[in-house]
Amino acid sequence: DITYGANGNAAGMQGAIDRLCERAEAAVAGGYNIIILSDRQLGPDRIAIPALLATAAVHHHLIRKGLRTSVGLVVESGEPREVHHFCCLAGYGAEAINPYLAFDTLLDMHKRGELPEEVDAYEVVSRYIKSIGKGILKVMSKMGISTYQSYCGAQIFDAIGLKSDFVEKYFTGTATLIEGVGLDEIAAETISRHTDGFGNDPVLRSSLEVGGEYMFRMRGEAHMWSPDAVATLQHAVRQGSWDTFKDYSAQIDSETARAQTIRGLFKIRLAEETGRKKVALDEVMPAAEIVKRFSTGAMSFGSISREAHTTLARAMNAIGGKSNT
C-alpha cells in the first residue's frame, strides 16, 4: 500500500516513503519474490505517494540493500495513462504495470456508448494495452533497446527541475543539471491535488480539470503558441505585414512567454557586467556566413505540408544553408 493518512501535513510523505521501503525490505527477507505497489486504498482519508516516486524509492532502497535481484516490482496505480508514464515507471524498476483507472475509464466510456459499437469491452482494453506496448517499443528503439527487460531499471532520463539531494536519494544515478523542487514541494502538490479531488469544489465535483497540456484551454496550462499568437502570425503572413509580424514577435518574446522555456530563464551577461572587452565587429563572422551553417532537419511529408516543405527549401536556398527535407 503506497498511500498514507490524509491527516498529516506535507512532511508526512517522508515518513510514508521510509515505511514503504522498510516494508518492502521485510517482504523480501520474508521470502516474497513479487512486491505489488498499489494505491487502490486511495480515498478521502488516504493520500497516494506519486507512483513514480514510490517505485523509484523502493527500487533504489532494495539495490542499496543488495536485494533488488531477489524480487520483482509490480505497480498497480491509477496514475499511468500515457506512454511516457509507463516508460518512466519501467525505467525505474517496474517489471509490470496495472493502470486500473485507465481500464475503468475506457470501460465506462464503452458502457456509455462513446466508443464504436462493434468493439466489445474486452477489445477496448486489449487495444489500449497494445497501443501502450507499441509506444513503449518506439521509445526503447530510439535507444537501440529491443526488449523490456533491457529497458527496465535502465533510467535513461535526465531530471529537470528537481533538487540534487532529492534525485540522489530517490532517483540515484539520474543526471540532473537544473535544480528545482524537492520532496516538500512534491508532497504539498500531492496534498493539494488530493484536496481538489475529494474536496467540495463545485466545479470539480462532477468533472475533471481541463488540463490543457496538449491543446490550449482557458484556465489550463500556459502555452507559448497561444491562440492569439497563432492568429497574429497568420495575419502577418497572409497580409505580408511587417508591423503585424512585430506584434507577433513581441508576444513570443514577452517575459511571460520566455518564462515557459529553459533558455528564457537565462540572462545574457554583457561585456561590461563581466569586466571583459567588447569584441570588435570586424572580428565577428558576418551574418551572411553564419546562416550558411543553418540546416533544416529531415521531416516526413506526413508531418508537415507540401507548402511548409517548399517554404523551408526556398529559405535555405536563399540564405545558402542546407535543406534536408
# chains A, B, ... in the order shown; residues from 1 in each chain; ligands from 1
call {"tool": "residues_around", "arguments": {"residues": "A:Gln251", "least_positions_apart": "4", "cutoff": "12 Å", "atoms": "only C-alpha atoms", "output": "list of chain:residue names"}}
result
A:His223, A:Met224, A:Trp225, A:Ser226, A:Pro227, A:Asp228, A:Ala229, A:Val230, A:Ala231, A:Thr232, A:Leu233, A:Thr244, A:Phe245, A:Lys246, A:Asp247, A:Glu255, A:Thr256, A:Ala257, A:Arg258
call {"tool": "write_last_selection", "arguments": {"atoms": "all heavy atoms", "output": "compact mmCIF listing (two decimals), in the first residue's frame"}}
result
# COMPACT_ATOMS: atom_id res chain seq x y z
N HIS A 223 0.58 28.16 -22.74
CA HIS A 223 1.25 27.76 -23.97
C HIS A 223 1.90 28.98 -24.62
O HIS A 223 1.31 30.07 -24.65
CB HIS A 223 0.24 27.17 -24.97
CG HIS A 223 -0.26 25.81 -24.61
ND1 HIS A 223 -0.08 24.71 -25.42
CD2 HIS A 223 -0.92 25.35 -23.52
CE1 HIS A 223 -0.61 23.65 -24.85
NE2 HIS A 223 -1.14 24.02 -23.69
N MET A 224 3.11 28.80 -25.13
CA MET A 224 3.72 29.88 -25.91
C MET A 224 2.93 30.11 -27.18
O MET A 224 2.69 31.24 -27.60
CB MET A 224 5.18 29.55 -26.24
CG MET A 224 6.12 29.66 -25.06
SD MET A 224 7.86 29.48 -25.54
CE MET A 224 8.09 30.92 -26.58
N TRP A 225 2.52 28.99 -27.82
CA TRP A 225 1.72 29.10 -29.04
C TRP A 225 0.25 29.22 -28.64
O TRP A 225 -0.54 28.30 -28.80
CB TRP A 225 1.96 27.89 -29.94
CG TRP A 225 3.30 27.90 -30.58
CD1 TRP A 225 4.42 27.26 -30.15
CD2 TRP A 225 3.68 28.59 -31.77
NE1 TRP A 225 5.48 27.51 -30.99
CE2 TRP A 225 5.05 28.34 -32.00
CE3 TRP A 225 3.00 29.43 -32.65
CZ2 TRP A 225 5.73 28.87 -33.07
CZ3 TRP A 225 3.69 29.96 -33.72
CH2 TRP A 225 5.04 29.68 -33.93
N SER A 226 -0.08 30.37 -28.12
CA SER A 226 -1.46 30.63 -27.72
C SER A 226 -2.30 30.95 -28.96
O SER A 226 -1.76 31.28 -30.03
CB SER A 226 -1.51 31.80 -26.75
OG SER A 226 -1.09 32.99 -27.40
N PRO A 227 -3.63 30.88 -28.85
CA PRO A 227 -4.47 31.23 -30.00
C PRO A 227 -4.19 32.63 -30.53
O PRO A 227 -4.20 32.86 -31.74
CB PRO A 227 -5.89 31.12 -29.42
CG PRO A 227 -5.78 30.09 -28.34
CD PRO A 227 -4.43 30.33 -27.74
N ASP A 228 -3.93 33.59 -29.63
CA ASP A 228 -3.63 34.95 -30.07
C ASP A 228 -2.34 35.02 -30.87
O ASP A 228 -2.27 35.70 -31.91
CB ASP A 228 -3.52 35.89 -28.86
CG ASP A 228 -4.87 36.15 -28.20
OD1 ASP A 228 -5.89 35.92 -28.87
OD2 ASP A 228 -4.89 36.56 -27.03
N ALA A 229 -1.31 34.29 -30.39
CA ALA A 229 -0.02 34.30 -31.10
C ALA A 229 -0.16 33.66 -32.48
O ALA A 229 0.37 34.18 -33.47
CB ALA A 229 1.03 33.57 -30.28
N VAL A 230 -0.86 32.54 -32.57
CA VAL A 230 -1.04 31.86 -33.85
C VAL A 230 -1.83 32.74 -34.81
O VAL A 230 -1.48 32.89 -36.00
CB VAL A 230 -1.76 30.51 -33.64
CG1 VAL A 230 -2.11 29.89 -35.00
CG2 VAL A 230 -0.89 29.56 -32.84
N ALA A 231 -2.91 33.36 -34.32
CA ALA A 231 -3.73 34.23 -35.17
C ALA A 231 -2.93 35.42 -35.67
O ALA A 231 -3.03 35.81 -36.85
CB ALA A 231 -4.96 34.70 -34.40
N THR A 232 -2.11 36.01 -34.81
CA THR A 232 -1.30 37.17 -35.21
C THR A 232 -0.29 36.77 -36.28
O THR A 232 -0.07 37.51 -37.26
CB THR A 232 -0.56 37.76 -33.99
OG1 THR A 232 -1.50 38.08 -32.97
CG2 THR A 232 0.20 39.01 -34.38
N LEU A 233 0.33 35.60 -36.13
CA LEU A 233 1.28 35.13 -37.14
C LEU A 233 0.59 34.89 -38.48
O LEU A 233 1.11 35.25 -39.54
CB LEU A 233 1.96 33.85 -36.65
CG LEU A 233 2.92 33.18 -37.64
CD1 LEU A 233 4.07 34.12 -37.99
CD2 LEU A 233 3.46 31.87 -37.06
N THR A 244 2.55 43.74 -38.26
CA THR A 244 1.82 42.67 -37.59
C THR A 244 2.79 41.57 -37.13
O THR A 244 2.61 40.99 -36.05
CB THR A 244 0.76 42.05 -38.53
OG1 THR A 244 -0.08 43.08 -39.04
CG2 THR A 244 -0.11 41.03 -37.78
N PHE A 245 3.82 41.32 -37.92
CA PHE A 245 4.80 40.31 -37.53
C PHE A 245 5.56 40.77 -36.29
O PHE A 245 5.90 39.96 -35.42
CB PHE A 245 5.79 40.03 -38.66
CG PHE A 245 6.77 38.94 -38.34
CD1 PHE A 245 6.42 37.61 -38.42
CD2 PHE A 245 8.06 39.26 -37.92
CE1 PHE A 245 7.32 36.60 -38.10
CE2 PHE A 245 8.98 38.26 -37.60
CZ PHE A 245 8.60 36.93 -37.69
N LYS A 246 5.83 42.08 -36.18
CA LYS A 246 6.49 42.59 -34.98
C LYS A 246 5.60 42.41 -33.75
O LYS A 246 6.09 42.16 -32.65
CB LYS A 246 6.87 44.06 -35.19
CG LYS A 246 8.07 44.25 -36.12
CD LYS A 246 8.62 45.65 -36.05
CE LYS A 246 7.67 46.67 -36.62
NZ LYS A 246 8.27 48.03 -36.66
N ASP A 247 4.29 42.55 -33.95
CA ASP A 247 3.35 42.29 -32.84
C ASP A 247 3.43 40.84 -32.40
O ASP A 247 3.43 40.53 -31.20
CB ASP A 247 1.92 42.61 -33.27
CG ASP A 247 1.70 44.09 -33.49
OD1 ASP A 247 2.49 44.88 -32.95
OD2 ASP A 247 0.75 44.45 -34.21
N GLU A 255 8.02 38.56 -21.55
CA GLU A 255 8.57 37.96 -20.33
C GLU A 255 7.79 36.71 -19.92
O GLU A 255 8.35 35.72 -19.47
CB GLU A 255 8.56 38.99 -19.20
CG GLU A 255 9.24 38.51 -17.93
CD GLU A 255 9.33 39.58 -16.88
OE1 GLU A 255 9.14 40.76 -17.23
OE2 GLU A 255 9.59 39.25 -15.71
N THR A 256 6.46 36.76 -20.10
CA THR A 256 5.62 35.62 -19.75
C THR A 256 5.96 34.41 -20.62
O THR A 256 6.08 33.28 -20.13
CB THR A 256 4.14 35.96 -19.92
OG1 THR A 256 3.83 37.08 -19.09
CG2 THR A 256 3.26 34.79 -19.53
N ALA A 257 6.12 34.64 -21.92
CA ALA A 257 6.44 33.55 -22.84
C ALA A 257 7.83 32.99 -22.56
O ALA A 257 8.05 31.78 -22.58
CB ALA A 257 6.34 34.02 -24.29
N ARG A 258 8.80 33.87 -22.28
CA ARG A 258 10.17 33.42 -22.04
C ARG A 258 10.24 32.55 -20.78
O ARG A 258 11.06 31.64 -20.69
CB ARG A 258 11.11 34.61 -21.91
CG ARG A 258 11.36 35.37 -23.20
CD ARG A 258 12.64 36.19 -23.10
NE ARG A 258 12.63 37.07 -21.95
CZ ARG A 258 12.13 38.30 -21.92
NH1 ARG A 258 11.55 38.78 -23.00
NH2 ARG A 258 12.19 39.02 -20.82
call {"tool": "select_by_dssp", "arguments": {"residues": "stretch 128-241 of chain A", "states": "strand (DSSP E or B)", "output": "list in words"}}
result
Asp158, Ala159, Ile160, Gly161, Leu162, Ala175, Thr176, Leu177, Ile178, Glu179, Gly180 and Val181 of chain A
call {"tool": "closest_residue", "arguments": {"among": "A:His194, A:His59, A:Arg314, A:Lys169", "to": "A:Cys152", "atoms": "only C-alpha atoms"}}
result
A:His59
call {"tool": "residues_around", "arguments": {"residues": "A:Lys322", "least_positions_apart": "3", "cutoff": "10 Å", "atoms": "only C-alpha atoms", "output": "PDB file with N, CA, C and O atoms, in the first residue's frame"}}
result
ATOM      1  N   VAL A 291      24.698  32.138 -41.417  1.00  0.00           N
ATOM      2  CA  VAL A 291      23.481  31.441 -41.851  1.00  0.00           C
ATOM      3  C   VAL A 291      23.789  30.266 -42.777  1.00  0.00           C
ATOM      4  O   VAL A 291      22.941  29.381 -42.961  1.00  0.00           O
ATOM      5  N   LYS A 292      24.987  30.239 -43.342  1.00  0.00           N
ATOM      6  CA  LYS A 292      25.349  29.096 -44.186  1.00  0.00           C
ATOM      7  C   LYS A 292      25.488  27.815 -43.376  1.00  0.00           C
ATOM      8  O   LYS A 292      25.478  26.713 -43.921  1.00  0.00           O
ATOM      9  N   ARG A 293      25.608  27.962 -42.059  1.00  0.00           N
ATOM     10  CA  ARG A 293      25.702  26.802 -41.183  1.00  0.00           C
ATOM     11  C   ARG A 293      24.311  26.261 -40.805  1.00  0.00           C
ATOM     12  O   ARG A 293      24.203  25.204 -40.197  1.00  0.00           O
ATOM     13  N   PHE A 294      23.275  27.015 -41.139  1.00  0.00           N
ATOM     14  CA  PHE A 294      21.923  26.597 -40.790  1.00  0.00           C
ATOM     15  C   PHE A 294      21.509  25.404 -41.645  1.00  0.00           C
ATOM     16  O   PHE A 294      21.900  25.284 -42.815  1.00  0.00           O
ATOM     17  N   SER A 295      20.721  24.523 -41.069  1.00  0.00           N
ATOM     18  CA  SER A 295      20.185  23.399 -41.845  1.00  0.00           C
ATOM     19  C   SER A 295      18.835  23.002 -41.270  1.00  0.00           C
ATOM     20  O   SER A 295      18.578  23.184 -40.078  1.00  0.00           O
ATOM     21  N   THR A 296      17.971  22.502 -42.126  1.00  0.00           N
ATOM     22  CA  THR A 296      16.659  22.019 -41.672  1.00  0.00           C
ATOM     23  C   THR A 296      16.717  20.505 -41.524  1.00  0.00           C
ATOM     24  O   THR A 296      17.249  19.809 -42.385  1.00  0.00           O
ATOM     25  N   GLY A 297      16.200  20.001 -40.427  1.00  0.00           N
ATOM     26  CA  GLY A 297      16.207  18.560 -40.192  1.00  0.00           C
ATOM     27  C   GLY A 297      15.247  17.838 -41.121  1.00  0.00           C
ATOM     28  O   GLY A 297      14.286  18.419 -41.645  1.00  0.00           O
ATOM     29  N   LEU A 312      10.547  25.926 -46.518  1.00  0.00           N
ATOM     30  CA  LEU A 312      11.823  25.638 -45.874  1.00  0.00           C
ATOM     31  C   LEU A 312      12.946  25.531 -46.902  1.00  0.00           C
ATOM     32  O   LEU A 312      14.047  26.064 -46.712  1.00  0.00           O
ATOM     33  N   ALA A 313      12.672  24.816 -47.989  1.00  0.00           N
ATOM     34  CA  ALA A 313      13.694  24.635 -49.030  1.00  0.00           C
ATOM     35  C   ALA A 313      14.077  25.976 -49.661  1.00  0.00           C
ATOM     36  O   ALA A 313      15.265  26.266 -49.864  1.00  0.00           O
ATOM     37  N   ALA A 315      13.807  28.938 -48.341  1.00  0.00           N
ATOM     38  CA  ALA A 315      14.512  29.760 -47.358  1.00  0.00           C
ATOM     39  C   ALA A 315      15.973  29.358 -47.253  1.00  0.00           C
ATOM     40  O   ALA A 315      16.871  30.221 -47.227  1.00  0.00           O
ATOM     41  N   MET A 316      16.239  28.065 -47.195  1.00  0.00           N
ATOM     42  CA  MET A 316      17.628  27.599 -47.084  1.00  0.00           C
ATOM     43  C   MET A 316      18.421  27.924 -48.347  1.00  0.00           C
ATOM     44  O   MET A 316      19.601  28.283 -48.287  1.00  0.00           O
ATOM     45  N   ASN A 317      17.766  27.816 -49.494  1.00  0.00           N
ATOM     46  CA  ASN A 317      18.449  28.168 -50.748  1.00  0.00           C
ATOM     47  C   ASN A 317      18.773  29.660 -50.784  1.00  0.00           C
ATOM     48  O   ASN A 317      19.829  30.069 -51.278  1.00  0.00           O
ATOM     49  N   ILE A 319      19.420  31.718 -48.300  1.00  0.00           N
ATOM     50  CA  ILE A 319      20.488  32.147 -47.389  1.00  0.00           C
ATOM     51  C   ILE A 319      21.759  31.310 -47.539  1.00  0.00           C
ATOM     52  O   ILE A 319      22.760  31.564 -46.869  1.00  0.00           O
ATOM     53  N   THR A 325      14.988  18.068 -46.526  1.00  0.00           N
ATOM     54  CA  THR A 325      13.561  17.754 -46.457  1.00  0.00           C
ATOM     55  C   THR A 325      13.160  16.924 -47.670  1.00  0.00           C
ATOM     56  O   THR A 325      13.890  16.844 -48.644  1.00  0.00           O
TER      57      THR A 325
END
call {"tool": "closest_residue", "arguments": {"among": "A:Leu177, A:Leu270, A:Ala288, A:Ala6", "to": "A:Gly321", "atoms": "only C-alpha atoms"}}
result
A:Ala288
call {"tool": "atom_distance", "arguments": {"atom1": "atom CA of A:Thr3", "atom2": "atom CA of A:Ala102"}}
result
19.0 Å
call {"tool": "decode", "arguments": {"residues": "stretch 1-30 of chain A", "atoms": "N, CA and C atoms", "output": "compact mmCIF listing (two decimals), in the first residue's frame"}}
result
# COMPACT_ATOMS: atom_id res chain seq x y z
N ASP A 1 0.85 -1.19 0.00
CA ASP A 1 0.00 0.00 0.00
C ASP A 1 0.89 1.24 0.00
N ILE A 2 0.76 2.06 -1.05
CA ILE A 2 1.61 3.26 -1.16
C ILE A 2 0.81 4.52 -0.80
N THR A 3 -0.23 4.35 0.02
CA THR A 3 -0.98 5.51 0.50
C THR A 3 -0.66 5.75 1.97
N TYR A 4 -0.98 6.95 2.44
CA TYR A 4 -0.78 7.28 3.85
C TYR A 4 -1.90 8.20 4.32
N GLY A 5 -2.04 8.39 5.60
CA GLY A 5 -3.13 9.15 6.17
C GLY A 5 -3.17 10.59 5.73
N ALA A 6 -4.38 11.07 5.43
CA ALA A 6 -4.54 12.43 4.93
C ALA A 6 -4.54 13.48 6.04
N ASN A 7 -4.45 13.02 7.30
CA ASN A 7 -4.50 13.98 8.40
C ASN A 7 -3.15 14.63 8.68
N GLY A 8 -2.11 14.17 8.00
CA GLY A 8 -0.78 14.75 8.21
C GLY A 8 -0.52 15.91 7.27
N ASN A 9 0.62 16.57 7.45
CA ASN A 9 0.99 17.66 6.55
C ASN A 9 1.95 17.14 5.49
N ALA A 10 2.59 18.07 4.78
CA ALA A 10 3.49 17.66 3.70
C ALA A 10 4.64 16.80 4.20
N ALA A 11 5.04 17.01 5.44
CA ALA A 11 6.16 16.24 5.99
C ALA A 11 5.81 14.76 6.16
N GLY A 12 4.53 14.43 6.14
CA GLY A 12 4.12 13.04 6.32
C GLY A 12 4.56 12.12 5.21
N MET A 13 4.80 12.67 4.01
CA MET A 13 5.20 11.81 2.89
C MET A 13 6.57 11.20 3.12
N GLN A 14 7.47 11.94 3.75
CA GLN A 14 8.82 11.42 4.03
C GLN A 14 8.73 10.14 4.86
N GLY A 15 7.96 10.19 5.95
CA GLY A 15 7.82 9.00 6.78
C GLY A 15 7.12 7.87 6.06
N ALA A 16 6.14 8.20 5.20
CA ALA A 16 5.41 7.18 4.45
C ALA A 16 6.34 6.44 3.49
N ILE A 17 7.23 7.16 2.84
CA ILE A 17 8.18 6.53 1.92
C ILE A 17 9.16 5.65 2.68
N ASP A 18 9.64 6.15 3.82
CA ASP A 18 10.57 5.35 4.62
C ASP A 18 9.92 4.05 5.08
N ARG A 19 8.67 4.14 5.54
CA ARG A 19 7.97 2.93 5.98
C ARG A 19 7.71 1.99 4.82
N LEU A 20 7.42 2.53 3.65
CA LEU A 20 7.19 1.71 2.46
C LEU A 20 8.45 0.92 2.12
N CYS A 21 9.60 1.58 2.14
CA CYS A 21 10.86 0.92 1.82
C CYS A 21 11.18 -0.17 2.85
N GLU A 22 10.91 0.11 4.12
CA GLU A 22 11.16 -0.88 5.18
C GLU A 22 10.27 -2.10 5.00
N ARG A 23 8.99 -1.87 4.63
CA ARG A 23 8.08 -3.00 4.43
C ARG A 23 8.51 -3.83 3.22
N ALA A 24 8.99 -3.15 2.18
CA ALA A 24 9.45 -3.88 1.00
C ALA A 24 10.67 -4.74 1.34
N GLU A 25 11.59 -4.17 2.11
CA GLU A 25 12.77 -4.93 2.53
C GLU A 25 12.37 -6.14 3.38
N ALA A 26 11.42 -5.93 4.29
CA ALA A 26 10.97 -7.03 5.15
C ALA A 26 10.27 -8.12 4.33
N ALA A 27 9.54 -7.72 3.29
CA ALA A 27 8.85 -8.69 2.45
C ALA A 27 9.85 -9.59 1.72
N VAL A 28 10.92 -8.99 1.21
CA VAL A 28 11.94 -9.79 0.52
C VAL A 28 12.62 -10.74 1.51
N ALA A 29 12.91 -10.23 2.70
CA ALA A 29 13.52 -11.06 3.73
C ALA A 29 12.59 -12.20 4.14
N GLY A 30 11.28 -11.97 4.01
CA GLY A 30 10.31 -12.99 4.37
C GLY A 30 10.06 -14.02 3.29
